Amino acid sequence: MCDLYQCVLYRCVLYLDLCDLYQCVMYRCVLYLDLCDLYQCRVAAGGGRLPEALLALPLLQSLELSGCAALRELGPGVAAALPALHTLVLSRNGLGPAGLGAGLGGPLPALRLLDLSGNGLEALPAALGGTGGGAGDAAPAFPQLRSLNLSANRLRELGPGLARAAPQLQELLLSGNRLRALPGGLLPPDGPPAPFPLLSRLDAADNEVAELGADIAALPALKSLDVANNQLRELPAALADCPRLKEANFRGNQLRDKRLEKMVNGCQTKAILEYLRAGGRGKGKAESGREDVRKKKREKQQKKDSGDVEQDEVEEASKLLVKVLHVSENPAPLVVKVSPGVKDVRAFIVCCVLKGVNLKPGNTLKRFLTMQTKLHEDICEKRTVATIATHDLQLVKAPLTYDVQPPDELKIMPLGRKEIKAKDLLRQLQLEAEEQRKQKKRQNVSGLHKYLQLLDGKDSYPCLVDAEGAVISFPPITNSEKTKIRKETRDLFLEVTSDTSLQICKDVMDTLILKIAELNRSALENKEGSGSDMESDALCGAGNLDLPLVLEQVRVVDTDGNLKVLYPSKTDLATVSSLLTVIR
């Protein structure tokens, strides 16, 4: 290579000792540079460009070179010298468009990730479609590029040729620039007929964007849009036409429509898009959903009474809706790890997440707790075959571990009590039970006291532990105050445990989900509660009976990560299928 360093080659691993120039390790065609102060001096002395020796690695696939303010240009011929590059990270340097232009003057056919964040770019280099870029019929310079990070530069506009230069782009990060309009130059009038067909994430937060154009809907694969902390005054109704848009962040903009501004600070994306689709005036779809549903039900009932509708159609229309979010579609799926010790104590556990529940109206929360108590008495056979635990998902710190602990080590903050060891809690409950018997002069006791005998003879107790080491569930006795469900709770983490069988856990969970769905619909139909609660729910779409509850799959795995249970699977919820429509 050159006499600046000593080189040792051993089984395709190249170790470079670059003396006081820089420290460098290349492993299987991956090069990472630790750019010390001395190296920055050498770069500055060399005119602010890379040493030519780095261009003698034609098989190099990944190059990360960051944090060197003296680096102002790559030097000519980088693209030609490194044709195998698939990852190029050049963040927090002193690069400008001219310095990039010489190095990226040719195509990089294998490049998939390009990070130019934190440089001094005021315009895109020609290779990325900036001024002076190739002709419209030229071959793309980056035909395989999937991710482009241009954050924390000084860009005011985007070059008209980026769609041609990187036609397969999926992620474009533009936060922390000075952009005035979006999509702006991304979608030029004379551009390709279907620009960015795969672009799913567009991040342009912390810019100066004052105009979000209606042509944003021309991005067919857009799933995530972030334009927070800009200068937007309006949001285009065309956003509602983005077919795959699931996540959008509009916070930090002074919108003229104050109702819409309130929604973007507290509602889910779907409710915001429905409001925009309805024109942003009067009753949006989310607000008028209950009225529309009741009207349809009255019409169907009238037709049923007149014999115009078959019985099965009426039954189908009255079914509750639950949409399953599969693990593969969930960016942050919840996982429960099971320790081997539970096998001899309480072996079976099934979990899931249920989102979109409304517990605010009237006495809905009280009815929810009563429903859970009845399930414990009936299908759980007084907790002898299974135990249910329900938690506020926002208070659950994942990942979770289903474990066993000795009675004198297990600590929990039971519902309505202070933190206590399990053995002391059981002793306390025993004393309370005895006091109950004396006061009421009968053998039967109520509350948690009924279940104390279920742990008789156990040397260790089962528990569900969060990422902070706190016990949030102690089956079959109690949950923790830490994850207690409140009126404001929207999303639930549900758990069913048993020492009998896995199928019993699944059957109980099926029934629990059905009962929650029934309670949720009943609360919305009856419009229980104050007007302010209903107005807030309407803003966020919680009052729309057309919106299904979202049921997220949760994986239960062993300590090696091997799957033990996935709920709900394709065969689950069959026991309640006559009353519940599951969208998979």
# chains A, B, ... in the order shown; residues from 1 in each chain; ligands from 1
>>> residues_around(residues="A:Glu518", least_positions_apart="6", cutoff="10 Å", atoms="only C-alpha atoms", output="PyMOL selection string")
chain A and resi 319-321+512+579-580
>>> residues_around(residues="A:Leu50", least_positions_apart="5", cutoff="8 Å", atoms="only C-alpha atoms", output="list in words")
Val43, Leu71, Glu73, Leu74 and Gly75 of chain A
>>> write_last_selection(atoms="N, CA, C and O atoms", output="short mmCIF file (atom, residue, chain, number, x, y, z; two decimals), in the first residue's frame")
data_model
loop_
_atom_site.label_atom_id
_atom_site.label_comp_id
_atom_site.auth_asym_id
_atom_site.auth_seq_id
_atom_site.Cartn_x
_atom_site.Cartn_y
_atom_site.Cartn_z
N VAL A 43 -4.53 16.38 7.32
CA VAL A 43 -5.52 16.64 6.27
C VAL A 43 -5.45 18.10 5.85
O VAL A 43 -5.49 18.44 4.66
N LEU A 71 -11.42 18.35 6.92
CA LEU A 71 -11.71 17.67 5.67
C LEU A 71 -12.72 18.47 4.87
O LEU A 71 -13.90 18.53 5.21
N GLU A 73 -12.67 18.41 1.16
CA GLU A 73 -12.97 17.76 -0.11
C GLU A 73 -12.43 16.34 -0.09
O GLU A 73 -11.46 16.03 0.60
N LEU A 74 -13.10 15.48 -0.85
CA LEU A 74 -12.69 14.08 -0.89
C LEU A 74 -11.48 13.87 -1.80
O LEU A 74 -10.75 12.89 -1.64
N GLY A 75 -11.30 14.78 -2.72
CA GLY A 75 -10.27 14.56 -3.73
C GLY A 75 -10.88 13.87 -4.93
O GLY A 75 -11.92 13.22 -4.85
#
>>> residues_around(residues="stretch 174-185 of chain A", least_positions_apart="6", cutoff="7 Å", atoms="only C-alpha atoms", output="list in words")
Asn149, Leu150, Ser151, Ala152, Asn153, Arg154, Leu155, Arg156, Glu157, Leu158, Gly159, Pro160, Asp203, Ala204, Ala205, Asp206, Asn207, Glu208, Val209, Ala210, Glu211, Leu212, Gly213 and Ile216 of chain A
>>> write_last_selection(atoms="C-alpha atoms", output="mmCIF file, in the first residue's frame")
data_model
loop_
_atom_site.group_PDB
_atom_site.id
_atom_site.type_symbol
_atom_site.label_atom_id
_atom_site.label_comp_id
_atom_site.auth_asym_id
_atom_site.auth_seq_id
_atom_site.Cartn_x
_atom_site.Cartn_y
_atom_site.Cartn_z
ATOM 1 C CA ASN A 149 -28.962 11.725 5.403
ATOM 2 C CA LEU A 150 -28.536 15.455 4.730
ATOM 3 C CA SER A 151 -29.461 16.663 8.236
ATOM 4 C CA ALA A 152 -27.772 19.602 9.966
ATOM 5 C CA ASN A 153 -26.523 21.353 6.844
ATOM 6 C CA ARG A 154 -27.517 24.736 5.364
ATOM 7 C CA LEU A 155 -29.660 23.598 2.445
ATOM 8 C CA ARG A 156 -32.283 26.091 1.247
ATOM 9 C CA GLU A 157 -33.660 23.996 -1.580
ATOM 10 C CA LEU A 158 -33.328 20.563 -3.086
ATOM 11 C CA GLY A 159 -31.865 19.928 -6.490
ATOM 12 C CA PRO A 160 -34.281 19.054 -9.284
ATOM 13 C CA ASP A 203 -37.885 13.920 7.859
ATOM 14 C CA ALA A 204 -37.754 17.712 7.479
ATOM 15 C CA ALA A 205 -38.125 18.883 11.072
ATOM 16 C CA ASP A 206 -36.450 22.067 12.326
ATOM 17 C CA ASN A 207 -36.306 23.878 8.989
ATOM 18 C CA GLU A 208 -37.992 27.093 7.787
ATOM 19 C CA VAL A 209 -40.731 25.369 5.800
ATOM 20 C CA ALA A 210 -43.652 27.748 5.284
ATOM 21 C CA GLU A 211 -45.357 25.764 2.515
ATOM 22 C CA LEU A 212 -46.242 22.093 2.469
ATOM 23 C CA GLY A 213 -47.381 21.484 -1.080
ATOM 24 C CA ILE A 216 -46.803 15.567 -1.224
#
>>> closest_atom_pairs(of="stretch 350-390 of chain A", to="stretch 470-487 of chain A", cutoff="7 Å", atoms="only C-alpha atoms", output="CSV")
residue,atom,partner,partner_atom,distance
A:Leu359,CA,A:Lys487,CA,5.1
A:Lys360,CA,A:Lys487,CA,4.9
A:Leu365,CA,A:Lys487,CA,6.2
A:Arg383,CA,A:Pro476,CA,6.7
A:Thr387,CA,A:Pro476,CA,5.6
A:Ala389,CA,A:Asn479,CA,6.5
>>> write_last_selection(atoms="all heavy atoms", output="CSV table (one decimal), in the first residue's frame")
chain,number,residue,atom,x,y,z
A,359,LEU,N,-61.8,4.7,28.3
A,359,LEU,CA,-62.3,4.5,29.7
A,359,LEU,C,-62.8,5.7,30.3
A,359,LEU,O,-63.1,5.7,31.5
A,359,LEU,CB,-61.2,3.8,30.5
A,359,LEU,CG,-60.6,2.5,30.0
A,359,LEU,CD1,-59.4,2.1,30.9
A,359,LEU,CD2,-61.7,1.4,30.0
A,360,LYS,N,-62.8,6.9,29.6
A,360,LYS,CA,-63.2,8.1,30.2
A,360,LYS,C,-64.7,8.3,30.5
A,360,LYS,O,-65.0,8.8,31.6
A,360,LYS,CB,-62.7,9.3,29.3
A,360,LYS,CG,-61.2,9.6,29.4
A,360,LYS,CD,-61.0,10.9,28.6
A,360,LYS,CE,-59.5,11.3,28.8
A,360,LYS,NZ,-59.2,12.5,28.0
A,365,LEU,N,-64.6,3.0,33.6
A,365,LEU,CA,-63.5,2.3,34.3
A,365,LEU,C,-63.9,1.4,35.4
A,365,LEU,O,-63.4,0.3,35.5
A,365,LEU,CB,-62.6,3.4,34.9
A,365,LEU,CG,-61.3,2.9,35.7
A,365,LEU,CD1,-60.5,2.0,34.8
A,365,LEU,CD2,-60.5,4.1,36.3
A,383,ARG,N,-59.7,-17.9,39.8
A,383,ARG,CA,-58.3,-17.8,39.6
A,383,ARG,C,-57.5,-19.2,39.8
A,383,ARG,O,-56.3,-19.2,39.8
A,383,ARG,CB,-57.6,-16.8,40.5
A,383,ARG,CG,-58.2,-15.4,40.4
A,383,ARG,CD,-57.3,-14.3,41.0
A,383,ARG,NE,-57.9,-13.0,41.1
A,383,ARG,CZ,-57.4,-11.9,41.5
A,383,ARG,NH1,-56.1,-11.9,41.8
A,383,ARG,NH2,-58.0,-10.8,41.5
A,387,THR,N,-55.2,-16.5,35.7
A,387,THR,CA,-55.3,-15.1,36.3
A,387,THR,C,-55.1,-14.1,35.2
A,387,THR,O,-54.2,-14.2,34.4
A,387,THR,CB,-54.3,-15.0,37.4
A,387,THR,OG1,-54.5,-16.0,38.4
A,387,THR,CG2,-54.5,-13.6,38.1
A,389,ALA,N,-54.2,-10.1,34.2
A,389,ALA,CA,-53.6,-8.8,34.7
A,389,ALA,C,-53.7,-7.8,33.6
A,389,ALA,O,-53.4,-8.1,32.4
A,389,ALA,CB,-52.2,-9.0,35.1
>>> select_by_dssp(residues="stretch 69-134 of chain A", states="strand (DSSP E)", output="list in words")
Thr87, Leu88, Val89, Leu113, Leu114 and Asp115 of chain A
>>> write_last_selection(atoms="N, CA and C atoms", output="PDB file, in the first residue's frame")
ATOM      1  N   THR A  87     -21.748   1.524   1.833  1.00  0.00           N
ATOM      2  CA  THR A  87     -22.029   2.441   2.947  1.00  0.00           C
ATOM      3  C   THR A  87     -20.937   3.507   2.989  1.00  0.00           C
ATOM      4  N   LEU A  88     -21.357   4.773   2.971  1.00  0.00           N
ATOM      5  CA  LEU A  88     -20.408   5.880   3.023  1.00  0.00           C
ATOM      6  C   LEU A  88     -20.926   6.906   4.020  1.00  0.00           C
ATOM      7  N   VAL A  89     -20.230   7.043   5.152  1.00  0.00           N
ATOM      8  CA  VAL A  89     -20.623   7.981   6.208  1.00  0.00           C
ATOM      9  C   VAL A  89     -19.563   9.068   6.300  1.00  0.00           C
ATOM     10  N   LEU A 113     -26.258   3.398   1.438  1.00  0.00           N
ATOM     11  CA  LEU A 113     -26.430   4.390   2.505  1.00  0.00           C
ATOM     12  C   LEU A 113     -25.384   5.476   2.335  1.00  0.00           C
ATOM     13  N   LEU A 114     -25.841   6.731   2.331  1.00  0.00           N
ATOM     14  CA  LEU A 114     -24.953   7.884   2.216  1.00  0.00           C
ATOM     15  C   LEU A 114     -25.330   8.885   3.300  1.00  0.00           C
ATOM     16  N   ASP A 115     -24.393   9.191   4.188  1.00  0.00           N
ATOM     17  CA  ASP A 115     -24.623  10.116   5.309  1.00  0.00           C
ATOM     18  C   ASP A 115     -23.700  11.316   5.150  1.00  0.00           C
TER      19      ASP A 115
END
>>> residues_around(residues="A:Pro407", least_positions_apart="4", cutoff="7 Å", atoms="only C-alpha atoms", output="list in words")
Lys421, Ala422, Lys423, Ser460 and Tyr461 of chain A
>>> residues_around(residues="A:Gln170", least_positions_apart="4", cutoff="9 Å", atoms="only C-alpha atoms", output="list in words")
Leu145, Arg146, Ser147, Leu148, Phe196, Pro197, Leu198, Leu199, Ser200, Arg201, Leu202, Ala221 and Leu222 of chain A
>>> residues_around(residues="A:Pro143", least_positions_apart="6", cutoff="10 Å", atoms="only C-alpha atoms", output="list in words")
Pro107, Leu108, Pro109, Ala110, Leu111, Arg112, Arg164, Ala165, Ala166, Pro167, Gln168 and Leu169 of chain A
